[in-house]
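Please read the structure below before turning to the comments.
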Amino acid sequence: MTGKRDLLDIRDLTKEEIYLIFEKAKYYKFQRKKGNLISDILKGKSIGLLFRKPSSRTRLSFEVAIIELGGNPIFLESGQLQISRGETIQDTARVFNLYLKGLVVRTFEHSEVETIARLVEFPVINALTDFLHPCQILADFFTIWEHRKNLQQVIVTYIGDANNVCNTLILASDILGVRINVCCPPEYSVSKEIIKKMKQPALLKINDDPKVFISESDVIYTDTWVSMGDEAEKDRRIAIFKKFQVNSELVKNAPSNFLFMHCLPAHRGEEVTDDVIDSKNSVVWQQAENRLHVQKAILDFLYSNKKE
Ligand code: CP
Ligand code: NVA
């Protein structure tokens, strides 16, 4: 396929393309609720899913999405491939190029998805790297859009570790013109690299006090303090992040209709307490459901839009 499109970074999409993906996701959600599951967009296409880290939602939502779009998902657990015995990722990508028509990749270093994408002729989708998680954030903004039509009037506050989810939330906010606050300890704050990538840095405010932005927040978002790959620092992180826990005391001054969001998996009792994640403000299950509809929309978009 010449002129193929990849989704490695949320900045691979324009604002208009993100809204096009939302419209497609809305269509797929509506169709699925009516019982219309199968489309033929991926008919005859085998799509690999190369995962170097665990996954529940991303893996399953992509597998179901590919099947319901008429394609054939092939799960490739990295420990079972020859890359686990030293075959290079470049040689592996060249082999994938001979068999597959697409690849969904979850890995550690972001440069690995870029390397694969350069070597294959089919679309490559980032299913999470240490740096970015674009499919997650598309589903998250789609969820916010379902609740609040005008995203430009929304203020999102992210509390916790300035990790891959936070990085992508910031870059997507920059594209969509959404105001974003990040409350994090100085040791784990937003990197200069991310701020440099923003076109509208005035949209971002950073503070190390988790209370400061609560009363203006339409959305309060958190994620684990110990991302996949950070396990060696677990005890240190839990001690540092303790005051960033999203609990009912912290959110008591939030607008009554604020949305609580979490990409999941949640570590209940760490970054969030049961009384918040199980509250009427929580939309975490809607976020998780929307992963499926948005994965379909992403696949539909990538397989029907080629670069000139
Ligand atoms: N939110 C998310 O990516 O979940 P999984 O790790 O289960 O895929
Ligand atoms: N920040 C988390 C997200 C998991 C979906 C991680 O990278 O482990």
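All residue names refer to the structure tokens as shown: chains lettered A, B, ... in order, residues numbered from 1 in each chain, ligands numbered from 1 in order.
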Which residues of region 130-184 of chain A sit at most 7 Å from region 272-293 of chain A, using only C-alpha atoms? Give each one's shortest atom pair and distance in Å (one decimal place), in chain and ascending residue order, as a Markdown table.
```
| residue | atom | partner | partner_atom | distance |
| --- | --- | --- | --- | --- |
| A:Gln136 | CA | A:Arg291 | CA | 6.8 |
| A:Ala139 | CA | A:Arg291 | CA | 5.3 |
| A:Asp140 | CA | A:Gln287 | CA | 5.9 |
| A:Thr143 | CA | A:Gln287 | CA | 6.0 |
```
Exercise: Asn72 (chain A) partners within 9 Å, only C-alpha atoms, chain neighbours under 2 positions left out, as a ChimeraX atom specification: /A:42-48,63,66-67,69-70,74
Nearest candidate to Leu299 (chain A) (options A:Asp40, A:Glu77, A:Asp9, A:Glu16; using only C-alpha atoms): A:Asp40
Within 12 Å of ligand 1, which residues of chain A come that close, and what is the closest atom pair and distance in Å for each? Count only C-alpha atoms and all ligand atoms and give it as CSV.
```
residue,atom,partner,partner_atom_place_in_ligand_line,distance
A:Leu49,CA,ligand 1,8 (O),11.9
A:Phe51,CA,ligand 1,8 (O),10.0
A:Arg52,CA,ligand 1,6 (O),11.4
A:Lys53,CA,ligand 1,6 (O),8.2
A:Pro54,CA,ligand 1,6 (O),6.3
A:Ser55,CA,ligand 1,8 (O),3.8
A:Ser56,CA,ligand 1,7 (O),3.4
A:Arg57,CA,ligand 1,7 (O),3.9
A:Thr58,CA,ligand 1,8 (O),3.6
A:Arg59,CA,ligand 1,8 (O),5.8
A:Leu60,CA,ligand 1,8 (O),7.8
A:Ser61,CA,ligand 1,8 (O),8.4
A:Phe62,CA,ligand 1,8 (O),9.5
A:Glu63,CA,ligand 1,8 (O),11.5
A:Val104,CA,ligand 1,8 (O),11.8
A:Val105,CA,ligand 1,8 (O),11.3
A:Arg106,CA,ligand 1,8 (O),9.0
A:Thr107,CA,ligand 1,6 (O),11.4
A:Asn126,CA,ligand 1,3 (O),10.8
A:Ala127,CA,ligand 1,3 (O),7.4
A:Leu128,CA,ligand 1,3 (O),7.0
A:Thr129,CA,ligand 1,3 (O),10.2
A:Asp130,CA,ligand 1,3 (O),11.9
A:Leu132,CA,ligand 1,3 (O),10.8
A:His133,CA,ligand 1,3 (O),7.6
A:Pro134,CA,ligand 1,3 (O),9.8
A:Cys135,CA,ligand 1,3 (O),8.2
A:Gln136,CA,ligand 1,3 (O),6.2
A:Ile137,CA,ligand 1,1 (N),9.3
A:Leu138,CA,ligand 1,1 (N),11.5
A:Ala139,CA,ligand 1,1 (N),9.8
A:Asp140,CA,ligand 1,1 (N),10.0
A:Asn164,CA,ligand 1,3 (O),10.5
A:Val165,CA,ligand 1,1 (N),9.0
A:Thr222,CA,ligand 1,1 (N),11.6
A:Asp223,CA,ligand 1,1 (N),9.2
A:Thr224,CA,ligand 1,1 (N),10.4
A:Ser227,CA,ligand 1,6 (O),9.8
A:Met228,CA,ligand 1,6 (O),8.9
A:Met261,CA,ligand 1,1 (N),11.0
A:His262,CA,ligand 1,1 (N),8.0
A:Cys263,CA,ligand 1,1 (N),4.3
A:Leu264,CA,ligand 1,1 (N),4.7
A:Pro265,CA,ligand 1,4 (O),5.9
A:Ala266,CA,ligand 1,1 (N),9.2
A:Val284,CA,ligand 1,1 (N),10.0
A:Trp285,CA,ligand 1,1 (N),10.9
A:Gln287,CA,ligand 1,1 (N),8.9
A:Ala288,CA,ligand 1,1 (N),7.3
A:Glu289,CA,ligand 1,1 (N),10.8
A:Asn290,CA,ligand 1,1 (N),11.0
A:Arg291,CA,ligand 1,1 (N),8.4
A:Leu292,CA,ligand 1,8 (O),11.2
A:Gln295,CA,ligand 1,3 (O),11.7
```
Picked from region 89-306 of chain A by DSSP as strand (DSSP E or B), as an NGL selection string: :A and (102-106 or 124-126 or 155-159 or 179-183 or 204-207 or 219-222 or 246 or 259-262 or 268 or 272 or 282)
Interatomic distance, CA of Glu216 (chain A) to CA of Leu204 (chain A) (Å, one decimal): 13.9 Å
Sort by chain and increasing residue number a table of all residues of region 128-187 of chain A within 10 Å of region 236-252 of chain A, each with its closest pair of atoms and their distance in Å to one decimal, counting only C-alpha atoms, and write it as a Markdown table.
```
| residue | atom | partner | partner_atom | distance |
| --- | --- | --- | --- | --- |
| A:Ile159 | CA | A:Phe244 | CA | 6.4 |
| A:Gly160 | CA | A:Phe244 | CA | 5.7 |
| A:Asp161 | CA | A:Phe241 | CA | 7.8 |
| A:Cys183 | CA | A:Phe244 | CA | 7.8 |
| A:Cys184 | CA | A:Phe244 | CA | 7.2 |
| A:Pro185 | CA | A:Phe241 | CA | 7.0 |
| A:Pro186 | CA | A:Ile240 | CA | 9.9 |
| A:Glu187 | CA | A:Ile240 | CA | 8.6 |
```
N, CA, C and O atoms of the current selection, written as a PDB file, in the first residue's frame:
```
ATOM      1  N   ILE A 159      -4.413  14.523  37.358  1.00  0.00           N
ATOM      2  CA  ILE A 159      -3.720  14.520  38.657  1.00  0.00           C
ATOM      3  C   ILE A 159      -2.898  13.225  38.767  1.00  0.00           C
ATOM      4  O   ILE A 159      -3.455  12.129  38.653  1.00  0.00           O
ATOM      5  N   GLY A 160      -1.595  13.373  38.982  1.00  0.00           N
ATOM      6  CA  GLY A 160      -0.774  12.162  39.177  1.00  0.00           C
ATOM      7  C   GLY A 160       0.506  12.197  38.379  1.00  0.00           C
ATOM      8  O   GLY A 160       1.141  13.245  38.236  1.00  0.00           O
ATOM      9  N   ASP A 161       0.868  11.046  37.832  1.00  0.00           N
ATOM     10  CA  ASP A 161       2.152  10.884  37.138  1.00  0.00           C
ATOM     11  C   ASP A 161       2.050  11.437  35.712  1.00  0.00           C
ATOM     12  O   ASP A 161       1.144  11.053  34.962  1.00  0.00           O
ATOM     13  N   CYS A 183      -1.592  18.322  37.636  1.00  0.00           N
ATOM     14  CA  CYS A 183      -1.102  18.415  39.015  1.00  0.00           C
ATOM     15  C   CYS A 183      -0.232  17.206  39.269  1.00  0.00           C
ATOM     16  O   CYS A 183      -0.719  16.068  39.222  1.00  0.00           O
ATOM     17  N   CYS A 184       1.027  17.442  39.517  1.00  0.00           N
ATOM     18  CA  CYS A 184       1.966  16.327  39.658  1.00  0.00           C
ATOM     19  C   CYS A 184       3.119  16.761  40.560  1.00  0.00           C
ATOM     20  O   CYS A 184       3.394  17.954  40.690  1.00  0.00           O
ATOM     21  N   PRO A 185       3.806  15.798  41.180  1.00  0.00           N
ATOM     22  CA  PRO A 185       4.977  16.174  41.981  1.00  0.00           C
ATOM     23  C   PRO A 185       6.095  16.649  41.056  1.00  0.00           C
ATOM     24  O   PRO A 185       6.209  16.149  39.926  1.00  0.00           O
ATOM     25  N   PRO A 186       6.920  17.601  41.505  1.00  0.00           N
ATOM     26  CA  PRO A 186       7.976  18.140  40.626  1.00  0.00           C
ATOM     27  C   PRO A 186       8.880  17.042  40.056  1.00  0.00           C
ATOM     28  O   PRO A 186       9.338  17.147  38.913  1.00  0.00           O
ATOM     29  N   GLU A 187       9.105  15.967  40.828  1.00  0.00           N
ATOM     30  CA  GLU A 187       9.996  14.876  40.356  1.00  0.00           C
ATOM     31  C   GLU A 187       9.422  14.145  39.146  1.00  0.00           C
ATOM     32  O   GLU A 187      10.149  13.491  38.407  1.00  0.00           O
TER      33      GLU A 187
END
```
So that I can check the surroundings of region 146-155 of chain A, please list as a CSV table (one decimal) with C-alpha atoms, in the first residue's frame every protein, DNA and RNA residue that reaches within 8 Å of it, counting only C-alpha atoms and ignoring chain neighbours fewer than 6 positions away.
```
chain,number,residue,atom,x,y,z
A,176,LEU,CA,-8.4,20.3,20.0
A,177,GLY,CA,-8.0,23.7,21.8
A,178,VAL,CA,-8.9,22.3,25.2
A,179,ARG,CA,-7.6,23.8,28.5
A,180,ILE,CA,-5.6,21.3,30.4
A,181,ASN,CA,-4.2,21.4,34.0
A,216,GLU,CA,-12.8,24.7,37.7
A,217,SER,CA,-12.5,21.1,36.4
A,218,ASP,CA,-15.1,19.6,34.1
A,219,VAL,CA,-13.0,16.5,33.9
```
All helix (DSSP H, G or I) positions in region 106-157 of chain A, as JSON, numbers by chain: {"A": [110, 111, 112, 113, 114, 115, 116, 117, 118, 119, 134, 135, 136, 137, 138, 139, 140, 141, 142, 143, 144, 145, 146, 147, 151, 152, 153]}
Two-atom distance - CA of Leu76 (chain A), CA of Lys4 (chain A) (Å):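 Going from CA of Leu76 (chain A) over to CA of Lys4 (chain A) covers 22.1 Å.
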Spatial neighbours of Ile21 (chain A), 7 Å, only C-alpha atoms, chain gap at least 3 places, as number ranges by chain: A: 17-18, 24-25, 297-298, 301
Could you dump the residues just selected with N, CA and C atoms as a PDB file, in the first residue's frame?
```
ATOM      1  N   GLU A  17      -9.483  15.650  11.480  1.00  0.00           N
ATOM      2  CA  GLU A  17      -9.444  14.181  11.404  1.00  0.00           C
ATOM      3  C   GLU A  17      -9.882  13.544  12.725  1.00  0.00           C
ATOM      4  N   ILE A  18      -9.539  14.189  13.832  1.00  0.00           N
ATOM      5  CA  ILE A  18      -9.979  13.653  15.133  1.00  0.00           C
ATOM      6  C   ILE A  18     -11.516  13.698  15.198  1.00  0.00           C
ATOM      7  N   LYS A  24     -17.194   8.774  13.122  1.00  0.00           N
ATOM      8  CA  LYS A  24     -17.194   7.350  12.750  1.00  0.00           C
ATOM      9  C   LYS A  24     -17.462   6.491  13.983  1.00  0.00           C
ATOM     10  N   ALA A  25     -16.851   6.843  15.118  1.00  0.00           N
ATOM     11  CA  ALA A  25     -17.048   6.065  16.353  1.00  0.00           C
ATOM     12  C   ALA A  25     -18.516   6.134  16.786  1.00  0.00           C
ATOM     13  N   ALA A 297     -13.273   3.035  14.503  1.00  0.00           N
ATOM     14  CA  ALA A 297     -13.196   4.314  13.775  1.00  0.00           C
ATOM     15  C   ALA A 297     -11.766   4.576  13.298  1.00  0.00           C
ATOM     16  N   ILE A 298     -10.779   4.252  14.143  1.00  0.00           N
ATOM     17  CA  ILE A 298      -9.368   4.458  13.766  1.00  0.00           C
ATOM     18  C   ILE A 298      -9.028   3.567  12.562  1.00  0.00           C
ATOM     19  N   PHE A 301     -10.695   4.814   9.495  1.00  0.00           N
ATOM     20  CA  PHE A 301     -10.008   6.026   9.025  1.00  0.00           C
ATOM     21  C   PHE A 301      -8.701   5.675   8.307  1.00  0.00           C
TER      22      PHE A 301
END
```
Residue nearest Asp208 (chain A) - candidates A:Trp225, A:Phe75, A:Tyr19, A:Tyr188, atoms counted: only C-alpha atoms: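 Answer, going by the shortest atom-to-atom distance: A:Tyr188.
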Atom-to-atom span, CA of Ile10 (chain A) and CA of His110 (chain A), Å: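 Separating CA of Ile10 (chain A) from CA of His110 (chain A) is a distance of 12.7 Å.
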